[in-house]
file start.cif (mmCIF, C-alpha atoms)
data_upload
loop_
_atom_site.group_PDB
_atom_site.id
_atom_site.type_symbol
_atom_site.label_atom_id
_atom_site.label_comp_id
_atom_site.auth_asym_id
_atom_site.auth_seq_id
_atom_site.Cartn_x
_atom_site.Cartn_y
_atom_site.Cartn_z
ATOM 1 C CA MET A 6 102.966 196.045 131.821
ATOM 2 C CA THR A 7 102.611 192.277 131.979
ATOM 3 C CA GLN A 8 102.302 190.272 128.809
ATOM 4 C CA PRO A 9 99.214 188.104 128.425
ATOM 5 C CA ALA A 10 99.852 184.397 128.797
ATOM 6 C CA PRO A 11 99.943 182.541 125.468
ATOM 7 C CA THR A 12 96.708 180.804 124.706
ATOM 8 C CA SER A 13 96.774 177.074 124.140
ATOM 9 C CA PRO A 14 94.993 175.555 121.142
ATOM 10 C CA SER A 15 91.340 174.774 121.710
ATOM 11 C CA PRO A 16 90.412 171.112 122.330
ATOM 12 C CA GLY A 17 88.626 171.080 118.982
ATOM 13 C CA LYS A 18 91.686 172.289 117.090
ATOM 14 C CA ARG A 19 93.919 169.816 118.916
ATOM 15 C CA MET A 20 91.572 166.966 117.997
ATOM 16 C CA LEU A 21 91.505 168.024 114.340
ATOM 17 C CA SER A 22 95.288 168.252 114.269
ATOM 18 C CA GLU A 23 95.564 164.758 115.788
ATOM 19 C CA GLN A 24 93.190 163.369 113.179
ATOM 20 C CA VAL A 25 94.994 165.020 110.268
ATOM 21 C CA HIS A 26 98.372 163.923 111.640
ATOM 22 C CA ALA A 27 97.195 160.309 111.969
ATOM 23 C CA HIS A 28 95.670 160.356 108.477
ATOM 24 C CA LEU A 29 98.806 161.766 106.825
ATOM 25 C CA ARG A 30 101.142 159.452 108.736
ATOM 26 C CA ASP A 31 99.087 156.436 107.687
ATOM 27 C CA ALA A 32 98.892 157.632 104.075
ATOM 28 C CA ILE A 33 102.673 158.088 103.892
ATOM 29 C CA MET A 34 103.359 154.685 105.453
ATOM 30 C CA ARG A 35 100.949 152.978 103.046
ATOM 31 C CA GLY A 36 102.557 154.619 100.038
ATOM 32 C CA HIS A 37 99.637 156.884 99.138
ATOM 33 C CA HIS A 38 102.209 159.688 99.110
ATOM 34 C CA ALA A 39 105.279 158.295 97.359
ATOM 35 C CA PRO A 40 108.895 158.966 98.388
ATOM 36 C CA GLY A 41 109.861 162.490 97.367
ATOM 37 C CA ASP A 42 106.267 163.636 96.783
ATOM 38 C CA ALA A 43 105.381 167.192 97.753
ATOM 39 C CA LEU A 44 102.972 167.604 100.661
ATOM 40 C CA LYS A 45 101.129 170.807 99.795
ATOM 41 C CA PRO A 46 99.334 172.294 102.815
ATOM 42 C CA GLN A 47 96.706 174.029 100.672
ATOM 43 C CA ASP A 48 95.764 170.831 98.855
ATOM 44 C CA LEU A 49 95.782 168.776 102.055
ATOM 45 C CA ALA A 50 93.631 171.334 103.865
ATOM 46 C CA LYS A 51 91.082 171.236 101.063
ATOM 47 C CA GLU A 52 91.160 167.435 100.941
ATOM 48 C CA GLN A 53 90.651 167.102 104.707
ATOM 49 C CA GLY A 54 88.236 170.017 105.042
ATOM 50 C CA VAL A 55 90.321 171.767 107.695
ATOM 51 C CA SER A 56 92.266 175.003 108.025
ATOM 52 C CA LEU A 57 95.822 175.578 106.822
ATOM 53 C CA ALA A 58 96.906 176.070 110.431
ATOM 54 C CA VAL A 59 95.685 172.583 111.379
ATOM 55 C CA VAL A 60 97.471 170.991 108.415
ATOM 56 C CA ARG A 61 100.721 172.851 109.087
ATOM 57 C CA GLU A 62 100.676 171.769 112.720
ATOM 58 C CA ALA A 63 100.250 168.143 111.647
ATOM 59 C CA LEU A 64 103.042 168.448 109.060
ATOM 60 C CA VAL A 65 105.448 169.938 111.605
ATOM 61 C CA ARG A 66 104.799 166.923 113.844
ATOM 62 C CA LEU A 67 105.501 164.584 110.942
ATOM 63 C CA VAL A 68 108.796 166.372 110.304
ATOM 64 C CA GLY A 69 109.773 165.819 113.940
ATOM 65 C CA GLU A 70 108.981 162.111 113.604
ATOM 66 C CA GLY A 71 110.935 161.683 110.367
ATOM 67 C CA PHE A 72 107.895 161.097 108.144
ATOM 68 C CA ALA A 73 108.248 164.377 106.247
ATOM 69 C CA ASP A 74 110.891 166.943 105.328
ATOM 70 C CA ARG A 75 110.584 170.706 105.580
ATOM 71 C CA LEU A 76 112.226 172.178 102.512
ATOM 72 C CA PRO A 77 113.526 175.783 102.404
ATOM 73 C CA ASN A 78 111.065 177.902 100.398
ATOM 74 C CA ARG A 79 109.433 174.739 99.041
ATOM 75 C CA GLY A 80 107.094 173.595 101.793
ATOM 76 C CA PHE A 81 106.929 169.945 102.842
ATOM 77 C CA ALA A 82 107.684 166.630 101.163
ATOM 78 C CA VAL A 83 107.896 162.909 101.846
ATOM 79 C CA PRO A 84 111.556 161.911 102.343
ATOM 80 C CA ALA A 85 113.270 160.233 99.382
ATOM 81 C CA PHE A 86 114.005 156.516 99.740
ATOM 82 C CA SER A 87 117.623 157.208 98.727
ATOM 83 C CA ASP A 88 118.037 159.812 101.468
ATOM 84 C CA ARG A 89 121.345 159.484 103.301
ATOM 85 C CA ARG A 90 119.528 159.549 106.640
ATOM 86 C CA TRP A 91 118.424 155.911 106.276
ATOM 87 C CA GLN A 92 122.039 154.761 106.062
ATOM 88 C CA GLU A 93 122.964 156.978 109.015
ATOM 89 C CA ILE A 94 120.118 155.587 111.124
ATOM 90 C CA ALA A 95 121.098 152.057 110.117
ATOM 91 C CA GLU A 96 124.700 152.758 111.131
ATOM 92 C CA ALA A 97 123.533 154.054 114.505
ATOM 93 C CA ARG A 98 121.341 151.015 115.041
ATOM 94 C CA ARG A 99 124.144 148.611 114.059
ATOM 95 C CA THR A 100 126.385 150.376 116.576
ATOM 96 C CA ILE A 101 123.999 150.502 119.528
ATOM 97 C CA GLU A 102 121.531 147.619 119.312
ATOM 98 C CA PRO A 103 124.050 144.719 119.182
ATOM 99 C CA VAL A 104 125.607 146.115 122.372
ATOM 100 C CA MET A 105 122.181 146.228 124.000
ATOM 101 C CA LEU A 106 121.451 142.679 122.848
ATOM 102 C CA ARG A 107 124.718 141.434 124.334
ATOM 103 C CA MET A 108 123.750 143.077 127.626
ATOM 104 C CA SER A 109 120.309 141.455 127.449
ATOM 105 C CA VAL A 110 121.802 138.005 126.853
ATOM 106 C CA GLU A 111 124.112 138.494 129.829
ATOM 107 C CA ARG A 112 121.596 140.125 132.197
ATOM 108 C CA GLY A 113 118.185 138.847 131.146
ATOM 109 C CA ASP A 114 116.365 136.592 133.596
ATOM 110 C CA VAL A 115 113.836 133.805 133.061
ATOM 111 C CA ASP A 116 110.996 136.319 132.803
ATOM 112 C CA TRP A 117 112.869 138.044 129.973
ATOM 113 C CA GLU A 118 113.274 134.706 128.208
ATOM 114 C CA ALA A 119 109.527 134.085 128.502
ATOM 115 C CA ARG A 120 108.715 137.532 127.113
ATOM 116 C CA VAL A 121 111.064 137.022 124.165
ATOM 117 C CA ARG A 122 109.465 133.655 123.420
ATOM 118 C CA ALA A 123 105.963 135.119 123.605
ATOM 119 C CA ALA A 124 106.853 138.160 121.481
ATOM 120 C CA HIS A 125 108.395 135.959 118.803
ATOM 121 C CA HIS A 126 105.361 133.650 118.829
ATOM 122 C CA ARG A 127 103.021 136.607 118.280
ATOM 123 C CA LEU A 128 105.226 137.965 115.485
ATOM 124 C CA ALA A 129 105.390 134.597 113.743
ATOM 125 C CA ARG A 130 101.598 134.149 113.971
ATOM 126 C CA THR A 131 100.657 137.660 112.806
ATOM 127 C CA PRO A 132 100.001 137.982 109.047
ATOM 128 C CA VAL A 133 102.511 140.301 107.424
ATOM 129 C CA TYR A 134 99.967 141.731 104.989
ATOM 130 C CA ALA A 135 96.261 142.508 105.248
ATOM 131 C CA PRO A 136 94.337 142.949 101.961
ATOM 132 C CA GLU A 137 92.372 145.890 103.327
ATOM 133 C CA GLU A 138 95.583 147.739 104.249
ATOM 134 C CA GLY A 139 97.183 147.703 100.820
ATOM 135 C CA GLU A 140 100.528 146.365 99.630
ATOM 136 C CA TYR A 141 102.600 147.514 102.598
ATOM 137 C CA TYR A 142 102.785 145.368 105.729
ATOM 138 C CA SER A 143 99.938 145.546 108.198
ATOM 139 C CA ALA A 144 99.718 147.715 111.297
ATOM 140 C CA ALA A 145 99.287 144.604 113.462
ATOM 141 C CA TRP A 146 102.467 143.027 112.082
ATOM 142 C CA ALA A 147 104.383 146.311 112.415
ATOM 143 C CA GLU A 148 103.500 146.477 116.118
ATOM 144 C CA ALA A 149 104.337 142.802 116.716
ATOM 145 C CA HIS A 150 107.672 143.415 114.960
ATOM 146 C CA ARG A 151 108.453 146.425 117.163
ATOM 147 C CA VAL A 152 107.534 144.552 120.346
ATOM 148 C CA PHE A 153 109.739 141.593 119.409
ATOM 149 C CA HIS A 154 112.809 143.723 118.758
ATOM 150 C CA ARG A 155 112.257 145.832 121.859
ATOM 151 C CA THR A 156 111.669 142.792 124.060
ATOM 152 C CA LEU A 157 114.953 141.300 122.881
ATOM 153 C CA LEU A 158 116.739 144.414 124.135
ATOM 154 C CA GLU A 159 114.766 144.988 127.345
ATOM 155 C CA GLY A 160 116.929 142.492 129.195
ATOM 156 C CA CYS A 161 119.723 145.081 129.151
ATOM 157 C CA GLY A 162 117.916 146.853 132.009
ATOM 158 C CA ASN A 163 119.021 150.318 130.879
ATOM 159 C CA PRO A 164 116.090 152.724 130.341
ATOM 160 C CA VAL A 165 118.294 155.351 128.666
ATOM 161 C CA LEU A 166 119.395 152.874 126.011
ATOM 162 C CA LEU A 167 115.820 151.686 125.552
ATOM 163 C CA GLU A 168 114.641 155.278 125.015
ATOM 164 C CA THR A 169 117.348 155.623 122.372
ATOM 165 C CA PHE A 170 116.073 152.460 120.705
ATOM 166 C CA ASP A 171 112.516 153.843 120.714
ATOM 167 C CA ARG A 172 113.625 157.033 118.961
ATOM 168 C CA MET A 173 115.658 155.155 116.348
ATOM 169 C CA TRP A 174 112.813 152.724 115.715
ATOM 170 C CA THR A 175 110.365 155.547 115.007
ATOM 171 C CA ALA A 176 112.912 157.330 112.816
ATOM 172 C CA SER A 177 113.476 154.192 110.722
ATOM 173 C CA GLU A 178 109.833 153.170 110.221
ATOM 174 C CA LEU A 179 109.653 154.421 106.636
ATOM 175 C CA ALA A 180 112.949 152.724 105.787
ATOM 176 C CA ARG A 181 111.621 149.380 107.044
ATOM 177 C CA ARG A 182 108.422 149.657 105.008
ATOM 178 C CA TRP A 183 110.174 150.736 101.833
ATOM 179 C CA SER A 184 112.874 148.078 102.262
ATOM 180 C CA ALA A 185 110.270 145.315 102.600
ATOM 181 C CA HIS A 186 108.457 146.615 99.531
ATOM 182 C CA ARG A 187 111.649 146.656 97.444
ATOM 183 C CA ASN A 188 112.636 143.122 98.529
ATOM 184 C CA PRO A 189 109.432 141.099 98.978
ATOM 185 C CA GLY A 190 111.309 137.801 98.779
ATOM 186 C CA ARG A 191 113.353 138.465 101.913
ATOM 187 C CA ASP A 192 112.926 135.716 104.526
ATOM 188 C CA GLY A 193 112.193 137.810 107.583
ATOM 189 C CA VAL A 194 110.620 134.836 109.361
ATOM 190 C CA GLU A 195 113.920 132.958 109.292
ATOM 191 C CA GLU A 196 115.895 136.039 110.372
ATOM 192 C CA HIS A 197 113.661 136.572 113.405
ATOM 193 C CA ARG A 198 113.762 132.878 114.290
ATOM 194 C CA ARG A 199 117.574 132.952 114.286
ATOM 195 C CA LEU A 200 117.533 136.054 116.483
ATOM 196 C CA GLU A 201 115.270 134.410 119.035
ATOM 197 C CA GLU A 202 117.235 131.167 119.073
ATOM 198 C CA ALA A 203 120.616 132.835 119.515
ATOM 199 C CA ALA A 204 119.354 135.113 122.284
ATOM 200 C CA LEU A 205 117.667 132.325 124.247
ATOM 201 C CA ALA A 206 120.692 130.062 123.763
ATOM 202 C CA ARG A 207 122.620 132.805 125.577
ATOM 203 C CA ASP A 208 125.042 133.057 122.678
ATOM 204 C CA ALA A 209 125.835 136.775 122.734
ATOM 205 C CA ASP A 210 128.273 136.635 119.809
ATOM 206 C CA ALA A 211 125.853 134.824 117.506
ATOM 207 C CA ALA A 212 122.889 136.996 118.535
ATOM 208 C CA ALA A 213 124.817 140.213 117.890
ATOM 209 C CA GLU A 214 126.051 138.939 114.505
ATOM 210 C CA VAL A 215 122.537 137.934 113.393
ATOM 211 C CA LEU A 216 121.177 141.319 114.462
ATOM 212 C CA VAL A 217 123.860 143.218 112.534
ATOM 213 C CA GLN A 218 123.084 141.179 109.417
ATOM 214 C CA HIS A 219 119.352 141.814 109.906
ATOM 215 C CA LEU A 220 119.805 145.583 110.186
ATOM 216 C CA THR A 221 122.287 145.718 107.305
ATOM 217 C CA ARG A 222 119.883 144.012 104.890
ATOM 218 C CA THR A 223 117.189 146.599 105.583
ATOM 219 C CA ALA A 224 119.484 149.503 104.735
ATOM 220 C CA ALA A 225 120.995 147.717 101.727
ATOM 221 C CA ASP A 226 117.580 147.316 100.115
ATOM 222 C CA LEU A 227 117.293 151.109 99.956
ATOM 223 C CA LYS A 228 120.869 151.740 98.880
ATOM 224 C CA ASP A 229 121.260 149.221 96.082
ATOM 225 C CA GLY A 230 119.618 149.593 92.698
ATOM 226 C CA SER A 231 117.526 152.423 91.365
ATOM 227 C CA ALA A 232 114.055 150.915 90.999
ATOM 228 C CA PRO A 233 111.307 153.047 92.541
ATOM 229 C CA VAL A 234 109.556 151.895 95.684
#

call {"tool": "encode", "arguments": {"input": "start.cif", "output": "structure tokens"}}
result
Amino acid sequence: MTQPAPTSPSPGKRMLSEQVHAHLRDAIMRGHHAPGDALKPQDLAKEQGVSLAVVREALVRLVGEGFADRLPNRGFAVPAFSDRRWQEIAEARRTIEPVMLRMSVERGDVDWEARVRAAHHRLARTPVYAPEEGEYYSAAWAEAHRVFHRTLLEGCGNPVLLETFDRMWTASELARRWSAHRNPGRDGVEEHRRLEEAALARDADAAAEVLVQHLTRTAADLKDGSAPV
């Protein structure tokens, strides 16, 4: 006897799950759910006016993206800012991205140079904070920041490495936001300017060194001290 094919979620349920996922992701990134806070499906379902199944599906997606933890017999929670994973991700980025940047400096053409210049210009001209978005940096700046870093590395011409960068960038999003919040006096504008200048000067050694320093500072802001985010 043949087994019936599994039914896929209805379009309505998928849309609800997308909306709840986007809402929770945004709330976590803006600090509405603090590091280490429990994410209780029952409470979230009531708050959003949706079923438990919809909320659980959204939470499972957040776990896969690194925005939530699934705890044995304890449900879900926002990761802690002192979690070892942030240092492990930083170590991976410090290992891989300087190599990619060296490759970009060596292989990048004039079009790559123009894209780097344009991406840095947009980043420098985008306000870091927007009053309506709270005390964490704005969505527009976050995207300009991602595009600048990715554009720097795109000159490497290796799609496998770029896919690895994309995964690490997503996994480290919370660390970047919490790091910036813990060290508001950090001069990110100057760090990005030095990155652009070294890359476009075709100085692979200097560019790689600046990038390592840039990535190390982000992780250090979460590791040092004990003040809450």

call {"tool": "resolve_selection", "arguments": {"input": "start.cif", "expression": "the PyMOL selection byres ((chain A and resi 204) around 9)", "output": "PyMOL selection string"}}
result
chain A and resi 106-107+109-110+118+121+157+199-203+205-209+211-213

call {"tool": "write_last_selection", "arguments": {"input": "start.cif", "atoms": "C-alpha atoms", "output": "PDB file, in the frame of the given file"}}
result
ATOM      1  CA  LEU A 106     121.451 142.679 122.848  1.00  0.00           C
ATOM      2  CA  ARG A 107     124.718 141.434 124.334  1.00  0.00           C
ATOM      3  CA  SER A 109     120.309 141.455 127.449  1.00  0.00           C
ATOM      4  CA  VAL A 110     121.802 138.005 126.853  1.00  0.00           C
ATOM      5  CA  GLU A 118     113.274 134.706 128.208  1.00  0.00           C
ATOM      6  CA  VAL A 121     111.064 137.022 124.165  1.00  0.00           C
ATOM      7  CA  LEU A 157     114.953 141.300 122.881  1.00  0.00           C
ATOM      8  CA  ARG A 199     117.574 132.952 114.286  1.00  0.00           C
ATOM      9  CA  LEU A 200     117.533 136.054 116.483  1.00  0.00           C
ATOM     10  CA  GLU A 201     115.270 134.410 119.035  1.00  0.00           C
ATOM     11  CA  GLU A 202     117.235 131.167 119.073  1.00  0.00           C
ATOM     12  CA  ALA A 203     120.616 132.835 119.515  1.00  0.00           C
ATOM     13  CA  LEU A 205     117.667 132.325 124.247  1.00  0.00           C
ATOM     14  CA  ALA A 206     120.692 130.062 123.763  1.00  0.00           C
ATOM     15  CA  ARG A 207     122.620 132.805 125.577  1.00  0.00           C
ATOM     16  CA  ASP A 208     125.042 133.057 122.678  1.00  0.00           C
ATOM     17  CA  ALA A 209     125.835 136.775 122.734  1.00  0.00           C
ATOM     18  CA  ALA A 211     125.853 134.824 117.506  1.00  0.00           C
ATOM     19  CA  ALA A 212     122.889 136.996 118.535  1.00  0.00           C
ATOM     20  CA  ALA A 213     124.817 140.213 117.890  1.00  0.00           C
TER      21      ALA A 213
END

call {"tool": "closest_residue", "arguments": {"input": "start.cif", "among": "A:Arg30, A:Arg130, A:Lys51, A:Arg79", "to": "A:Ala63", "atoms": "all atoms listed in the file"}}
result
A:Arg30

call {"tool": "atom_distance", "arguments": {"input": "start.cif", "atom1": "atom CA of A:Val104", "atom2": "atom CA of A:Leu216"}}
result
10.3 Å

call {"tool": "closest_residue", "arguments": {"input": "start.cif", "among": "A:Glu196, A:Val165, A:Tyr134, A:Met108", "to": "A:Arg182", "atoms": "all atoms listed in the file"}}
result
A:Tyr134

call {"tool": "residues_around", "arguments": {"input": "start.cif", "residues": "stretch 135-146 of chain A", "least_positions_apart": "5", "cutoff": "8 Å", "atoms": "all atoms listed in the file", "output": "MDAnalysis selection string"}}
result
chainID A and resid 34:36 128 182 185:186

call {"tool": "closest_residue", "arguments": {"input": "start.cif", "among": "A:Glu111, A:Glu102, A:Glu93, A:Glu195", "to": "A:Glu168", "atoms": "all atoms listed in the file"}}
result
A:Glu102

call {"tool": "atom_distance", "arguments": {"input": "start.cif", "atom1": "atom CA of A:His126", "atom2": "atom CA of A:His197"}}
result
10.3 Å

call {"tool": "resolve_selection", "arguments": {"input": "start.cif", "expression": "the PyMOL selection byres ((chain A and resi 175) around 12)", "output": "list of chain:residue names"}}
result
A:Arg30, A:Met34, A:Leu67, A:Val68, A:Gly69, A:Glu70, A:Gly71, A:Phe72, A:Trp91, A:Ile94, A:Arg98, A:Ala147, A:Glu148, A:Arg151, A:Glu168, A:Thr169, A:Phe170, A:Asp171, A:Arg172, A:Met173, A:Trp174, A:Ala176, A:Ser177, A:Glu178, A:Leu179, A:Ala180, A:Arg181, A:Arg182

call {"tool": "resolve_selection", "arguments": {"input": "start.cif", "expression": "the PyMOL selection byres ((chain A and resi 223) around 10)", "output": "list in words"}}
result
Trp91, Gln92, Ala95, Ser177, Ala180, Arg181, Arg182, Trp183, Ser184, Ala185, Arg187, Asn188, Arg191, Gln218, His219, Leu220, Thr221, Arg222, Ala224, Ala225, Asp226, Leu227 and Lys228 of chain A

call {"tool": "closest_residue", "arguments": {"input": "start.cif", "among": "A:Pro132, A:Gly41, A:Gly113, A:Gly193", "to": "A:Ala85", "atoms": "all atoms listed in the file"}}
result
A:Gly41

call {"tool": "closest_residue", "arguments": {"input": "start.cif", "among": "A:Val65, A:Pro189, A:Gly80, A:Thr156", "to": "A:Pro46", "atoms": "only C-alpha atoms"}}
result
A:Gly80

call {"tool": "axis_aligned_box", "arguments": {"input": "start.cif", "around": "stretch 119-133 of chain A", "padding_each_side": "4 Å", "output": "JSON"}}
result
{"center_x": 105.5, "center_y": 137.0, "center_z": 118.0, "size_x": 19.1, "size_y": 14.7, "size_z": 29.1}

call {"tool": "closest_residue", "arguments": {"input": "start.cif", "among": "A:Ala82, A:Arg99, A:Asp192, A:Val59", "to": "A:Ala43", "atoms": "only C-alpha atoms"}}
result
A:Ala82

call {"tool": "atom_distance", "arguments": {"input": "start.cif", "atom1": "atom CA of A:Val60", "atom2": "atom CA of A:Ala73"}}
result
12.8 Å

call {"tool": "residues_around", "arguments": {"input": "start.cif", "residues": "A:Asp42", "least_positions_apart": "4", "cutoff": "8 Å", "atoms": "only C-alpha atoms", "output": "mmCIF file with C-alpha atoms, in the frame of the given file"}}
result
data_model
loop_
_atom_site.group_PDB
_atom_site.id
_atom_site.type_symbol
_atom_site.label_atom_id
_atom_site.label_comp_id
_atom_site.auth_asym_id
_atom_site.auth_seq_id
_atom_site.Cartn_x
_atom_site.Cartn_y
_atom_site.Cartn_z
ATOM 1 C CA HIS A 38 102.209 159.688 99.110
ATOM 2 C CA ALA A 82 107.684 166.630 101.163
ATOM 3 C CA VAL A 83 107.896 162.909 101.846
ATOM 4 C CA PRO A 84 111.556 161.911 102.343
#

call {"tool": "residues_around", "arguments": {"input": "start.cif", "residues": "A:Ala124", "least_positions_apart": "5", "cutoff": "8 Å", "atoms": "all atoms listed in the file", "output": "number ranges by chain"}}
result
A: 149, 152-153, 156

call {"tool": "build_atoms", "arguments": {"input": "start.cif", "residues": "stretch 193-202 of chain A", "atoms": "all heavy atoms", "output": "tab-separated table (two decimals), in the coordinates of the input"}}
result
chain	number	residue	atom	x	y	z
A	193	GLY	N	112.17	137.22	106.25
A	193	GLY	CA	112.19	137.81	107.58
A	193	GLY	C	111.84	136.83	108.67
A	193	GLY	O	112.33	136.93	109.80
A	194	VAL	N	111.01	135.84	108.36
A	194	VAL	CA	110.62	134.84	109.36
A	194	VAL	C	111.85	134.09	109.85
A	194	VAL	O	112.05	133.89	111.06
A	194	VAL	CB	109.60	133.85	108.76
A	194	VAL	CG1	109.33	132.70	109.73
A	194	VAL	CG2	108.30	134.57	108.42
A	195	GLU	N	112.71	133.68	108.92
A	195	GLU	CA	113.92	132.96	109.29
A	195	GLU	C	114.88	133.86	110.06
A	195	GLU	O	115.52	133.43	111.04
A	195	GLU	CB	114.61	132.43	108.03
A	195	GLU	CG	115.96	131.76	108.26
A	195	GLU	CD	115.88	130.51	109.13
A	195	GLU	OE1	114.77	129.99	109.36
A	195	GLU	OE2	116.94	130.05	109.60
A	196	GLU	N	115.00	135.12	109.67
A	196	GLU	CA	115.90	136.04	110.37
A	196	GLU	C	115.45	136.22	111.82
A	196	GLU	O	116.28	136.22	112.74
A	196	GLU	CB	115.93	137.38	109.65
A	196	GLU	CG	116.60	137.32	108.28
A	196	GLU	CD	116.56	138.66	107.56
A	196	GLU	OE1	116.69	139.70	108.24
A	196	GLU	OE2	116.41	138.67	106.32
A	197	HIS	N	114.16	136.39	112.04
A	197	HIS	CA	113.66	136.57	113.40
A	197	HIS	C	113.80	135.29	114.23
A	197	HIS	O	114.08	135.34	115.43
A	197	HIS	CB	112.21	137.05	113.38
A	197	HIS	CG	112.05	138.43	112.84
A	197	HIS	ND1	111.16	138.75	111.84
A	197	HIS	CD2	112.71	139.59	113.12
A	197	HIS	CE1	111.25	140.03	111.56
A	197	HIS	NE2	112.19	140.57	112.31
A	198	ARG	N	113.59	134.15	113.58
A	198	ARG	CA	113.76	132.88	114.29
A	198	ARG	C	115.21	132.72	114.76
A	198	ARG	O	115.46	132.30	115.90
A	198	ARG	CB	113.38	131.71	113.37
A	198	ARG	CG	113.45	130.34	114.07
A	198	ARG	CD	113.33	129.20	113.06
A	198	ARG	NE	114.46	129.19	112.13
A	198	ARG	CZ	115.66	128.72	112.44
A	198	ARG	NH1	115.92	128.25	113.65
A	198	ARG	NH2	116.63	128.74	111.54
A	199	ARG	N	116.16	133.06	113.91
A	199	ARG	CA	117.57	132.95	114.29
A	199	ARG	C	117.91	133.91	115.43
A	199	ARG	O	118.70	133.57	116.32
A	199	ARG	CB	118.46	133.23	113.07
A	199	ARG	CG	118.40	132.15	112.00
A	199	ARG	CD	119.24	132.55	110.80
A	199	ARG	NE	120.64	132.73	111.18
A	199	ARG	CZ	121.48	133.55	110.57
A	199	ARG	NH1	121.06	134.30	109.56
A	199	ARG	NH2	122.73	133.65	110.98
A	200	LEU	N	117.31	135.09	115.40
A	200	LEU	CA	117.53	136.05	116.48
A	200	LEU	C	117.05	135.50	117.81
A	200	LEU	O	117.75	135.56	118.83
A	200	LEU	CB	116.79	137.36	116.17
A	200	LEU	CG	117.57	138.49	115.52
A	200	LEU	CD1	116.63	139.64	115.19
A	200	LEU	CD2	118.70	138.98	116.42
A	201	GLU	N	115.82	134.96	117.80
A	201	GLU	CA	115.27	134.41	119.04
A	201	GLU	C	116.12	133.25	119.55
A	201	GLU	O	116.46	133.18	120.74
A	201	GLU	CB	113.84	133.92	118.80
A	201	GLU	CG	113.18	133.36	120.06
A	201	GLU	CD	112.19	132.23	119.77
A	201	GLU	OE1	112.33	131.57	118.72
A	201	GLU	OE2	111.32	132.01	120.62
A	202	GLU	N	116.49	132.35	118.66
A	202	GLU	CA	117.24	131.17	119.07
A	202	GLU	C	118.59	131.54	119.66
A	202	GLU	O	119.00	130.99	120.69
A	202	GLU	CB	117.41	130.22	117.88
A	202	GLU	CG	116.14	129.49	117.49
A	202	GLU	CD	116.38	128.46	116.40
A	202	GLU	OE1	117.51	128.42	115.85
A	202	GLU	OE2	115.45	127.70	116.09
